[in-house]
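Novice: Here you go, data_27.txt (compact mmCIF, C-alpha atoms):
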# COMPACT_ATOMS: atom_id res chain seq x y z
CA MET A 634 -3.94 -3.62 27.56
CA TRP A 635 -7.26 -5.13 26.58
CA LEU A 636 -8.40 -8.06 28.71
CA ARG A 637 -10.80 -10.75 27.56
CA LEU A 638 -13.45 -11.32 30.24
CA GLY A 639 -15.34 -14.50 30.98
CA ASP A 640 -18.54 -13.28 29.32
CA GLY A 641 -16.73 -12.71 26.01
CA THR A 642 -16.56 -8.93 26.38
CA SER A 643 -13.40 -6.87 26.77
CA ARG A 644 -12.23 -4.03 28.92
CA ARG A 645 -9.12 -1.89 28.81
CA ASP A 646 -6.41 -2.13 31.46
CA ASP A 647 -4.65 1.25 31.31
CA ARG A 648 -1.74 0.33 33.51
CA TYR A 649 0.34 0.22 30.35
CA GLY A 650 -1.52 2.68 28.16
CA LEU A 651 -1.34 0.16 25.35
CA GLY A 652 -3.05 -2.98 24.28
CA VAL A 653 -4.43 -5.05 21.45
CA VAL A 654 -8.10 -4.50 20.75
CA VAL A 655 -9.66 -7.95 20.90
CA GLY A 656 -11.00 -8.94 17.51
CA CYS A 657 -9.08 -6.21 15.64
CA ASP A 658 -7.62 -7.32 12.31
CA VAL A 659 -4.12 -5.88 11.95
CA ALA A 660 -4.69 -5.62 8.20
CA ASP A 661 -7.28 -2.90 8.89
CA LEU A 662 -4.86 -0.65 10.79
CA PRO A 663 -3.52 2.48 9.02
CA PHE A 664 0.10 1.36 8.86
CA VAL A 665 -0.62 -1.97 7.18
CA ARG A 666 -3.22 -0.43 4.86
CA ALA A 667 -0.66 2.15 3.75
CA CYS A 668 1.91 -0.58 3.15
CA ARG A 669 -0.61 -2.20 0.81
CA GLY A 670 -1.33 1.07 -0.98
CA LEU A 671 -4.84 1.26 0.45
CA PRO A 672 -6.57 4.39 1.78
CA SER A 673 -6.79 4.74 5.55
CA GLU A 674 -8.35 7.09 8.07
CA ARG A 675 -5.10 9.02 8.52
CA VAL A 676 -1.52 9.12 7.30
CA PRO A 677 0.33 6.62 9.50
CA VAL A 678 3.61 7.65 11.07
CA TRP A 679 6.50 6.02 12.87
CA PHE A 680 10.18 6.92 13.21
CA MET A 681 13.29 4.92 12.60
CA ARG A 682 15.24 4.86 15.89
CA GLN A 683 12.12 6.08 17.66
CA ALA A 684 13.27 4.05 20.66
CA GLY A 685 16.65 5.07 21.98
CA ARG A 686 18.97 7.86 22.93
CA SER A 687 16.60 10.76 22.29
CA LEU A 688 14.27 9.55 25.06
CA PRO A 689 15.10 10.32 28.70
CA GLU A 690 13.16 7.25 29.81
CA TYR A 691 15.38 5.13 27.57
CA ARG A 692 18.55 6.58 29.05
CA ALA A 693 17.24 6.00 32.56
CA LEU A 694 16.43 2.36 31.82
CA ARG A 695 19.33 1.48 29.56
CA GLY A 696 22.17 2.43 31.91
CA GLU A 697 25.67 1.29 31.07
CA GLY A 698 26.93 -1.82 29.31
CA SER A 699 26.68 -3.29 25.87
CA MET A 700 23.61 -2.67 23.73
CA LEU A 701 23.73 -6.36 22.80
CA ASP A 702 23.39 -7.25 26.48
CA THR A 703 20.31 -5.01 26.71
CA ILE A 704 18.77 -6.61 23.62
CA ALA A 705 19.29 -10.02 25.23
CA ARG A 706 17.03 -9.02 28.17
CA PRO A 707 13.46 -9.43 26.88
CA ASP A 708 11.82 -7.51 29.71
CA VAL A 709 14.05 -4.48 29.09
CA ALA A 710 13.90 -4.72 25.28
CA THR A 711 10.11 -4.93 25.50
CA GLU A 712 9.88 -1.81 27.63
CA ILE A 713 12.28 0.12 25.38
CA THR A 714 10.21 -0.78 22.32
CA LEU A 715 7.02 0.39 24.05
CA GLN A 716 8.39 3.72 25.28
CA PRO A 717 7.99 5.72 22.05
CA VAL A 718 4.59 4.17 21.32
CA ARG A 719 3.34 5.46 24.67
CA ARG A 720 4.96 8.86 24.27
CA TYR A 721 4.19 9.63 20.63
CA GLY A 722 1.14 7.59 19.67
CA VAL A 723 2.86 6.32 16.53
CA ASP A 724 1.14 3.85 14.21
CA ALA A 725 3.79 1.14 14.41
CA ALA A 726 6.42 -0.12 16.81
CA ILE A 727 9.78 -1.40 15.66
CA LEU A 728 11.55 -4.06 17.64
CA TYR A 729 14.38 -2.81 19.83
CA SER A 730 17.27 -4.81 18.44
CA ASP A 731 20.12 -4.36 15.96
CA ILE A 732 21.00 -5.64 12.52
CA VAL A 733 24.14 -7.36 13.85
CA VAL A 734 22.25 -9.56 16.32
CA PRO A 735 22.15 -12.65 14.03
CA THR A 736 25.87 -12.49 13.17
CA HIS A 737 26.70 -11.88 16.81
CA ALA A 738 24.51 -14.80 17.86
CA ILE A 739 26.24 -17.28 15.54
CA GLY A 740 29.63 -16.32 16.96
CA PHE A 741 31.16 -14.35 14.09
CA GLY A 742 32.71 -11.92 16.56
CA VAL A 743 30.65 -8.75 16.18
CA ASP A 744 30.12 -6.19 18.94
CA ILE A 745 28.55 -2.74 19.10
CA VAL A 746 31.00 -0.15 20.40
CA PRO A 747 29.41 3.02 21.83
CA GLY A 748 30.09 6.01 19.62
CA VAL A 749 31.44 3.79 16.83
CA GLY A 750 28.86 1.17 15.88
CA PRO A 751 29.33 -2.46 14.85
CA VAL A 752 32.94 -3.64 15.10
CA VAL A 753 34.21 -7.04 13.91
CA GLU A 754 37.13 -8.62 15.76
CA HIS A 755 38.29 -10.69 12.78
CA PRO A 756 36.89 -9.28 9.52
CA PHE A 757 35.85 -11.43 6.57
CA ARG A 758 38.81 -11.81 4.25
CA GLU A 759 38.79 -15.11 2.33
CA ALA A 760 36.76 -18.15 1.34
CA ARG A 761 37.44 -20.03 4.55
CA ASP A 762 35.67 -17.25 6.46
CA LEU A 763 32.40 -18.49 4.96
CA ALA A 764 32.52 -21.34 7.48
CA ARG A 765 32.15 -18.75 10.25
CA LEU A 766 28.72 -17.83 8.89
CA ARG A 767 26.79 -20.89 9.98
CA PRO A 768 22.98 -21.00 9.65
CA LEU A 769 20.94 -19.19 12.29
CA ASP A 770 18.70 -21.28 14.52
CA PRO A 771 16.46 -18.56 15.99
CA GLU A 772 14.98 -20.67 18.77
CA ALA A 773 18.45 -21.67 19.98
CA ASP A 774 20.53 -18.63 18.98
CA THR A 775 18.18 -15.68 19.54
CA PRO A 776 15.40 -16.91 21.86
CA TYR A 777 15.48 -13.55 23.64
CA VAL A 778 14.45 -11.78 20.42
CA LEU A 779 11.47 -14.10 20.01
CA GLU A 780 10.47 -13.67 23.64
CA THR A 781 10.59 -9.89 23.21
CA VAL A 782 8.41 -10.11 20.10
CA ARG A 783 5.84 -12.27 21.91
CA ASN A 784 5.82 -9.88 24.85
CA LEU A 785 5.20 -6.95 22.55
CA VAL A 786 2.43 -8.56 20.54
CA ALA A 787 0.60 -9.15 23.82
CA GLU A 788 0.83 -5.46 24.71
CA LEU A 789 0.69 -3.42 21.52
CA GLN A 790 -2.33 -1.93 19.83
CA VAL A 791 -0.29 -1.13 16.72
CA PRO A 792 1.64 -3.41 14.37
CA LEU A 793 5.15 -4.53 15.29
CA ILE A 794 7.83 -4.21 12.60
CA ALA A 795 10.45 -6.95 12.42
CA PHE A 796 13.74 -6.18 10.69
CA ALA A 797 17.12 -7.40 9.53
CA GLY A 798 20.20 -6.03 7.85
CA ALA A 799 20.33 -6.42 4.07
CA PRO A 800 23.10 -8.64 2.68
CA PHE A 801 25.16 -5.76 1.24
CA THR A 802 25.15 -3.65 4.39
CA MET A 803 25.99 -6.65 6.56
CA ALA A 804 28.78 -7.65 4.16
CA SER A 805 30.20 -4.14 4.39
CA TYR A 806 30.44 -4.34 8.18
CA LEU A 807 31.96 -7.82 8.11
CA VAL A 808 34.52 -7.02 5.42
CA GLU A 809 35.48 -3.53 6.60
CA GLY A 810 35.52 -4.53 10.26
CA GLY A 811 33.28 -1.58 11.17
CA PRO A 812 31.66 1.51 9.68
CA SER A 813 33.37 2.87 6.58
CA ARG A 814 33.12 6.06 4.54
CA THR A 815 34.54 4.57 1.35
CA HIS A 816 33.63 0.84 1.56
CA ALA A 817 36.95 0.31 -0.22
CA LEU A 818 37.61 -3.22 1.09
CA THR A 819 34.02 -4.21 0.39
CA LYS A 820 34.12 -3.01 -3.20
CA SER A 821 37.56 -4.55 -3.70
CA LEU A 822 36.16 -7.96 -2.77
CA MET A 823 32.99 -7.39 -4.80
CA TYR A 824 34.89 -6.43 -7.96
CA GLY A 825 37.91 -8.68 -7.50
CA ASP A 826 36.27 -11.94 -6.47
CA PRO A 827 32.63 -11.92 -7.55
CA VAL A 828 32.23 -15.64 -6.87
CA LEU A 829 33.26 -15.29 -3.22
CA TRP A 830 31.19 -12.10 -2.97
CA ALA A 831 28.09 -13.91 -4.20
CA ALA A 832 28.68 -16.73 -1.72
CA LEU A 833 29.04 -14.21 1.12
CA LEU A 834 25.80 -12.46 0.22
CA GLU A 835 23.98 -15.79 -0.02
CA ARG A 836 25.03 -16.64 3.55
CA LEU A 837 23.94 -13.22 4.75
CA ALA A 838 20.63 -13.54 2.90
CA ASP A 839 20.11 -16.85 4.74
CA LEU A 840 20.63 -15.07 8.06
CA ALA A 841 18.23 -12.26 7.16
CA ILE A 842 15.53 -14.68 6.02
CA ALA A 843 15.82 -16.84 9.14
CA SER A 844 15.78 -13.81 11.44
CA ILE A 845 12.85 -12.04 9.78
CA THR A 846 10.67 -15.13 9.43
CA SER A 847 11.25 -16.06 13.07
CA GLN A 848 10.13 -12.59 14.18
CA LEU A 849 7.05 -12.81 11.97
CA ASP A 850 6.24 -16.28 13.32
CA ALA A 851 6.48 -14.86 16.84
CA GLY A 852 3.82 -12.28 15.94
CA ALA A 853 5.36 -9.30 14.11
CA SER A 854 3.10 -7.90 11.37
CA ALA A 855 5.56 -6.39 8.86
CA PHE A 856 9.29 -6.17 8.28
CA GLN A 857 11.95 -3.74 7.11
CA LEU A 858 15.16 -4.66 5.34
CA PHE A 859 17.82 -2.08 6.22
CA ASP A 860 20.34 -1.57 3.41
CA SER A 861 21.87 1.46 5.04
CA TRP A 862 25.02 1.54 2.91
CA ALA A 863 23.53 0.66 -0.49
CA GLY A 864 23.79 4.32 -1.50
CA ALA A 865 27.55 3.81 -1.85
CA LEU A 866 26.91 1.83 -5.04
CA ALA A 867 26.32 2.86 -8.63
CA PRO A 868 23.04 1.48 -10.03
CA HIS A 869 24.73 -1.00 -12.39
CA ASP A 870 26.84 -2.39 -9.52
CA TYR A 871 23.82 -2.65 -7.25
CA GLU A 872 21.89 -4.48 -9.96
CA ARG A 873 24.69 -6.96 -10.65
CA PHE A 874 26.21 -7.57 -7.24
CA VAL A 875 23.47 -6.86 -4.69
CA LEU A 876 19.97 -7.05 -6.13
CA PRO A 877 19.84 -10.87 -6.49
CA ALA A 878 20.47 -11.49 -2.78
CA SER A 879 18.05 -8.79 -1.61
CA ARG A 880 15.42 -10.03 -4.06
CA ARG A 881 15.79 -13.50 -2.57
CA VAL A 882 15.16 -12.16 0.94
CA PHE A 883 11.89 -10.52 -0.07
CA ALA A 884 10.78 -13.52 -2.14
CA GLU A 885 11.40 -16.13 0.55
CA VAL A 886 9.86 -14.04 3.32
CA ALA A 887 6.81 -13.49 1.11
CA ASP A 888 6.57 -17.24 0.48
CA HIS A 889 6.66 -17.75 4.24
CA ARG A 890 4.25 -14.96 5.23
CA ALA A 891 2.43 -13.40 2.30
CA ASP A 892 0.35 -11.21 4.62
CA ALA A 893 3.40 -9.42 6.07
CA PRO A 894 4.34 -6.35 3.99
CA GLY A 895 8.01 -5.59 3.45
CA ILE A 896 9.81 -2.24 3.48
CA HIS A 897 13.15 -1.66 1.73
CA PHE A 898 15.23 1.20 3.11
CA GLY A 899 18.61 2.70 2.34
CA VAL A 900 20.39 6.03 2.75
CA GLY A 901 21.57 8.02 -0.25
CA THR A 902 19.67 5.67 -2.54
CA GLY A 903 18.08 8.29 -4.79
CA GLU A 904 19.67 6.68 -7.84
CA LEU A 905 18.53 3.22 -6.72
CA LEU A 906 14.84 3.72 -5.93
CA GLU A 907 13.52 1.72 -8.86
CA LEU A 908 15.99 -1.09 -8.13
CA LEU A 909 14.99 -1.17 -4.45
CA ALA A 910 11.42 -1.70 -5.60
CA GLN A 911 12.49 -4.41 -8.03
CA ALA A 912 13.82 -6.39 -5.09
CA GLY A 913 10.20 -7.07 -4.19
CA ALA A 914 9.35 -4.57 -1.49
CA ASP A 915 5.80 -3.39 -0.92
CA VAL A 916 7.19 -0.10 0.41
CA VAL A 917 10.33 1.80 -0.58
CA GLY A 918 11.90 4.08 2.00
CA VAL A 919 12.84 7.47 0.56
CA ASP A 920 15.47 9.60 2.25
CA TRP A 921 15.35 13.41 2.33
CA ARG A 922 17.52 13.89 -0.76
CA VAL A 923 14.62 13.08 -3.12
CA HIS A 924 11.30 14.92 -3.07
CA LEU A 925 8.50 12.53 -2.23
CA ASP A 926 6.43 13.46 -5.30
CA ASP A 927 9.42 12.79 -7.54
CA ALA A 928 9.97 9.42 -5.88
CA ARG A 929 6.33 8.47 -6.34
CA ALA A 930 6.45 9.42 -10.00
CA ARG A 931 9.52 7.26 -10.55
CA LEU A 932 8.22 4.27 -8.59
CA GLY A 933 4.75 4.23 -10.10
CA PRO A 934 1.37 3.48 -8.52
CA GLY A 935 2.12 -0.08 -7.44
CA VAL A 936 4.68 0.81 -4.75
CA ALA A 937 4.01 2.52 -1.43
CA VAL A 938 6.52 5.01 -0.06
CA GLN A 939 7.89 5.77 3.39
CA GLY A 940 9.51 9.03 4.46
CA ASN A 941 10.98 11.46 4.11
CA LEU A 942 11.59 14.37 6.49
CA ASP A 943 15.25 15.28 7.02
CA PRO A 944 16.14 14.08 10.56
CA ALA A 945 17.97 17.36 11.15
CA ALA A 946 14.87 19.37 10.28
CA VAL A 947 13.25 18.50 13.61
CA LEU A 948 16.06 20.39 15.35
CA ALA A 949 14.80 23.64 13.80
CA PRO A 950 12.33 26.06 15.47
CA PRO A 951 8.77 24.65 15.70
CA PRO A 952 7.30 26.77 12.85
CA VAL A 953 10.04 25.52 10.53
CA VAL A 954 9.45 21.92 11.57
CA ALA A 955 5.72 22.31 10.89
CA GLU A 956 6.46 23.83 7.47
CA ARG A 957 8.79 20.98 6.53
CA VAL A 958 6.31 18.33 7.69
CA ALA A 959 3.56 20.00 5.68
CA ASP A 960 5.80 20.03 2.59
CA VAL A 961 6.28 16.25 2.77
CA LEU A 962 2.56 15.68 3.24
CA ASP A 963 1.59 18.10 0.49
CA ARG A 964 3.96 16.45 -1.95
CA ASN A 965 2.17 13.17 -1.38
CA ALA A 966 -1.12 15.06 -1.93
CA GLY A 967 -3.29 12.64 -0.02
CA ARG A 968 -2.51 9.64 -2.20
CA PRO A 969 -2.84 6.27 -0.43
CA GLY A 970 0.30 4.30 0.20
CA HIS A 971 2.30 6.85 2.20
CA ILE A 972 3.86 6.16 5.61
CA PHE A 973 5.30 9.30 7.15
CA ASN A 974 8.78 8.85 8.59
CA LEU A 975 12.12 10.57 8.71
CA GLY A 976 14.56 10.03 5.88
CA HIS A 977 16.82 8.22 8.37
CA GLY A 978 16.86 7.57 12.11
CA VAL A 979 16.01 9.98 14.92
CA LEU A 980 19.11 11.93 15.96
CA PRO A 981 20.13 11.58 19.63
CA GLU A 982 19.78 15.32 20.28
CA THR A 983 16.15 15.41 19.08
CA ASP A 984 13.61 16.88 21.48
CA PRO A 985 10.91 14.21 22.04
CA GLU A 986 8.27 16.91 22.36
CA VAL A 987 8.97 17.99 18.79
CA LEU A 988 8.41 14.45 17.52
CA ALA A 989 5.14 14.33 19.46
CA GLN A 990 4.08 17.50 17.65
CA VAL A 991 5.06 15.95 14.32
CA VAL A 992 2.85 12.93 15.01
CA GLU A 993 -0.06 15.20 15.94
CA GLN A 994 0.40 17.24 12.76
CA VAL A 995 0.60 14.16 10.54
CA HIS A 996 -2.46 12.57 12.11
CA GLY A 997 -4.41 15.79 11.70
CA TYR A 998 -3.43 16.32 8.07
CA ARG A 999 -6.18 16.52 5.49
CA PRO A 1000 -5.21 17.30 1.90
CA ILE A 1001 -6.80 20.30 0.21
CA PRO A 1002 -9.40 18.98 -2.27
Go through the file and emit its structure as C-alpha cells.
Specialist:
Amino acid sequence: MWLRLGDGTSRRDDRYGLGVVVGCDVADLPFVRACRGLPSERVPVWFMRQAGRSLPEYRALRGEGSMLDTIARPDVATEITLQPVRRYGVDAAILYSDIVVPTHAIGFGVDIVPGVGPVVEHPFREARDLARLRPLDPEADTPYVLETVRNLVAELQVPLIAFAGAPFTMASYLVEGGPSRTHALTKSLMYGDPVLWAALLERLADLAIASITSQLDAGASAFQLFDSWAGALAPHDYERFVLPASRRVFAEVADHRADAPGIHFGVGTGELLELLAQAGADVVGVDWRVHLDDARARLGPGVAVQGNLDPAAVLAPPPVVAERVADVLDRNAGRPGHIFNLGHGVLPETDPEVLAQVVEQVHGYRPIP
C-alpha cells in the first residue's frame, strides 16, 4: 500500500502488492473513464466472479461452512476480494459478497446452499409476505459489508465495484424458493397479480438502493446491478413489469452519488439490451450471445459496454483463447467506452493462469489504425 509520510511525500509498502496512490483521482483510472465513455490508456478488464472457486488461494482460505458466514467476516472477505487483483492485475475489484445478503440480513430466510445457490425456507406467496421485507438498515444489518468495503478502499489501487441484485432476479429467487429454469411461479405472480408484483419489486428496489448507496458511502467507486434472470422475459414484459423498478434503482443511486457509474448486467438479454440501457445505466453488460459490435450499434454512442467473452472459451487451448479475446477487442475497434469482461462469471474449472494471460493480452491491445 502507499503510505503518507510526515514530510508530505509517499512511499509504497509492498507487503500487500496493492495500494492507493496518494492524490490519485479515481475518475482518471481506466475503468471509470471507460464507464464514462472516455478514452483511456488501455482497455480496462475485470471478471465477474474473479474472486472465488477458480483460485487455489480462495479455496485454501475459504474452507468449509456457509458462504454467508464467510461474507460476514470482514478480514476474510477483504482478503478474498484482493486475491484476484494481486494475481491478475485487473482494473477493478468487485466486493466479495452475494446478491442475497440484504434479504438474508433482514431475516427473510435465505441461505446459500453449496452446489445449488440461494434457497428460501418460506417462499414469497401472498400480500402478507410483504411484511417480511422490512427496510434495510445497512449500519445495523450489514455492518460487516461496510467494514469490508472500508478495508478494501484503504488497500486497493483500483476502483471497487459495489453491487446488488436487481428487483426481478431477487423476486425470482424469493418466489421460486431457489434457482429455476422456467420461472413459472414468478411469471404466474407477475401476470396474475400485477399489483402485488409491483409492490414486491418496490420493496426489493428499496433493498437494492439501500445496499448500493451504503457501499458507495463506505468508499466504493462504481456499482453493478445484477439482473441475472432478466433474459427469461420477453421485451414487452420486461418493459411493463420490470423496467420501472430497475429504473428507480439507477435514478435514486445517481441522485445519491452522481459520480459513481452504474453497470446493468443480465444473462441471455440480447433482446433486452436497449431496455437495459433505458433503465439508466452508464454501462450495459453484453453476454457472449451478441457480437460486441452489434451491441454497440444497437445501444448507440451514449452507452458504454462491458463484455463479452464466452466464459467457456477460456477453457480452450491458449491459441484459441487468444483468438477469441482478439475477436472481442477487434469488434470494439478501439472505441472508448469498452470494459473487457466475460459474458458471465468465471467458471470454477478455469485455470487462473489463462485469465492472467487474458489480462495481459487485453492490456497490450492496440487497434490497427
Novice: Just the residues within 6 Å of Leu975 (chain A), please, counting only C-alpha atoms, with nothing from its chain fewer than 6 positions along; format it as a ChimeraX atom specification.
Specialist: /A:940-944
Novice: Would you be able to write out as JSON, numbers by chain which residues have an atom within 10 Å of (17.0, -18.5, 18.6) in the file's coordinates, counting all atoms listed in the file?
Specialist: {"A": [735, 738, 739, 769, 770, 771, 772, 773, 774, 775, 776, 777, 778, 779, 780, 843, 844, 847]}
Novice: Please list as number ranges by chain every residue within 8 Å of Ile842 (chain A), counting all atoms listed in the file and excluding residues in the same chain fewer than 4 positions away.
Specialist: A: 838, 846, 882, 885-886
Novice: Quick one: residues within 8 Å of Pro1000 (chain A), only C-alpha atoms, excluding same-chain residues fewer than 2 positions away - as a PDB file with C-alpha atoms, in the coordinates of the input?
Specialist:
ATOM      1  CA  ASP A 963       1.590  18.100   0.490  1.00  0.00           C
ATOM      2  CA  ALA A 966      -1.120  15.060  -1.930  1.00  0.00           C
ATOM      3  CA  GLY A 967      -3.290  12.640  -0.020  1.00  0.00           C
ATOM      4  CA  TYR A 998      -3.430  16.320   8.070  1.00  0.00           C
ATOM      5  CA  PRO A1002      -9.400  18.980  -2.270  1.00  0.00           C
TER       6      PRO A1002
END
Novice: Expressed in Å to a single decimal, how great is the separation between CA of Gly903 (chain A) and CA of Ala865 (chain A)?
Specialist: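 So the answer is 10.9 Å.
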Novice: Find the residues around Ile727 (chain A) up to 10 Å (only C-alpha atoms counted), leave out those fewer than 3 positions away in its own chain, and share them as a PDB file with C-alpha atoms, in the frame of the given file.
Specialist:
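part.pdb, freshly written:
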ATOM      1  CA  TRP A 679       6.500   6.020  12.870  1.00  0.00           C
ATOM      2  CA  PHE A 680      10.180   6.920  13.210  1.00  0.00           C
ATOM      3  CA  MET A 681      13.290   4.920  12.600  1.00  0.00           C
ATOM      4  CA  ARG A 682      15.240   4.860  15.890  1.00  0.00           C
ATOM      5  CA  GLN A 683      12.120   6.080  17.660  1.00  0.00           C
ATOM      6  CA  ALA A 684      13.270   4.050  20.660  1.00  0.00           C
ATOM      7  CA  THR A 714      10.210  -0.780  22.320  1.00  0.00           C
ATOM      8  CA  LEU A 715       7.020   0.390  24.050  1.00  0.00           C
ATOM      9  CA  PRO A 717       7.990   5.720  22.050  1.00  0.00           C
ATOM     10  CA  VAL A 718       4.590   4.170  21.320  1.00  0.00           C
ATOM     11  CA  SER A 730      17.270  -4.810  18.440  1.00  0.00           C
ATOM     12  CA  VAL A 782       8.410 -10.110  20.100  1.00  0.00           C
ATOM     13  CA  LEU A 785       5.200  -6.950  22.550  1.00  0.00           C
ATOM     14  CA  PRO A 792       1.640  -3.410  14.370  1.00  0.00           C
ATOM     15  CA  LEU A 793       5.150  -4.530  15.290  1.00  0.00           C
ATOM     16  CA  ILE A 794       7.830  -4.210  12.600  1.00  0.00           C
ATOM     17  CA  ALA A 795      10.450  -6.950  12.420  1.00  0.00           C
ATOM     18  CA  PHE A 796      13.740  -6.180  10.690  1.00  0.00           C
ATOM     19  CA  ALA A 853       5.360  -9.300  14.110  1.00  0.00           C
ATOM     20  CA  ALA A 855       5.560  -6.390   8.860  1.00  0.00           C
ATOM     21  CA  PHE A 856       9.290  -6.170   8.280  1.00  0.00           C
ATOM     22  CA  GLN A 857      11.950  -3.740   7.110  1.00  0.00           C
TER      23      GLN A 857
END
Novice: Give me the residues within 12 Å of Pro689 (chain A) as a CSV table (one decimal) with C-alpha atoms, keeping the file's coordinate frame, counting all atoms listed in the file and dropping any in the same chain fewer than 6 places off.
Specialist:
chain,number,residue,atom,x,y,z
A,695,ARG,CA,19.3,1.5,29.6
A,696,GLY,CA,22.2,2.4,31.9
A,713,ILE,CA,12.3,0.1,25.4
A,716,GLN,CA,8.4,3.7,25.3
A,717,PRO,CA,8.0,5.7,22.0
A,720,ARG,CA,5.0,8.9,24.3
A,981,PRO,CA,20.1,11.6,19.6
A,982,GLU,CA,19.8,15.3,20.3
A,983,THR,CA,16.2,15.4,19.1
A,984,ASP,CA,13.6,16.9,21.5
A,985,PRO,CA,10.9,14.2,22.0
A,986,GLU,CA,8.3,16.9,22.4
Novice: Restricting the calculation to all atoms listed in the file: of A:Asp870, A:Asp658, A:Glu759, A:Asp731, which residue gets closest to Lys820 (chain A)?
Specialist: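 Result for the nearest residue to Lys820 (chain A): A:Asp870.
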Novice: Select, from A:Val916, A:Val961, A:Val791, A:Val953, the residue with the minimum atom-to-atom distance to Asp661 (chain A), counting only C-alpha atoms.
Specialist: A:Val791
Novice: At what distance in Å, to one decimal, does CA of His996 (chain A) lie from CA of Glu674 (chain A)?
Specialist: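 According to the coordinates, CA of Glu674 (chain A) and CA of His996 (chain A) are separated by 9.0 Å.
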Novice: May I ask for the distance between CA of Tyr806 (chain A) and CA of Glu712 (chain A), given in Å to one decimal place?
Specialist: 28.4 Å
Novice: In file coordinates, which residues lie within 9 Å of (26.3, -13.0, 1.2) using only C-alpha atoms, given as a list in words?
Specialist: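 Residues found, by chain and rising number: Pro800, Phe801, Met803, Ala804, Leu829, Trp830, Ala831, Ala832, Leu833, Leu834, Glu835, Arg836, Leu837, Ala838, Asp839, Val875 and Ala878 of chain A.
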Novice: Which residue is closest to Gly740 (chain A)? Choose from A:Pro768, A:Gly913, A:Gly895, A:Gly722 and count all atoms listed in the file.
Specialist: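 The closest residue to Gly740 (chain A) is A:Pro768.
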Novice: With distances taken over only C-alpha atoms, which residue among A:Ala760, A:Leu905, A:Ala989, A:Met823 lies nearest Phe874 (chain A)?
Specialist: A:Met823
Novice: The centre and edge lengths of an axis-aligned box containing all atoms of region 682-685 of chain A present in the file, extended by 4 Å on each side, are to be given in Å to one decimal, as JSON.
Specialist:
{"center_x": 14.4, "center_y": 5.1, "center_z": 18.9, "size_x": 12.5, "size_y": 10.0, "size_z": 14.1}
Novice: Between A:Gly852, A:Pro951, A:Pro877, A:Pro827, which has the minimum distance to Val659 (chain A) (counting all atoms listed in the file)?
Specialist: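 For Val659 (chain A), the nearest of the given residues is A:Gly852.
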Novice: Restricting the calculation to all atoms listed in the file, which member of A:Leu807, A:Val733, A:Val979, A:Ala949 is positioned closest to Ala841 (chain A)?
Specialist: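 Of A:Leu807, A:Val733, A:Val979, A:Ala949, the one nearest Ala841 (chain A), counting all atoms listed in the file, is A:Val733.
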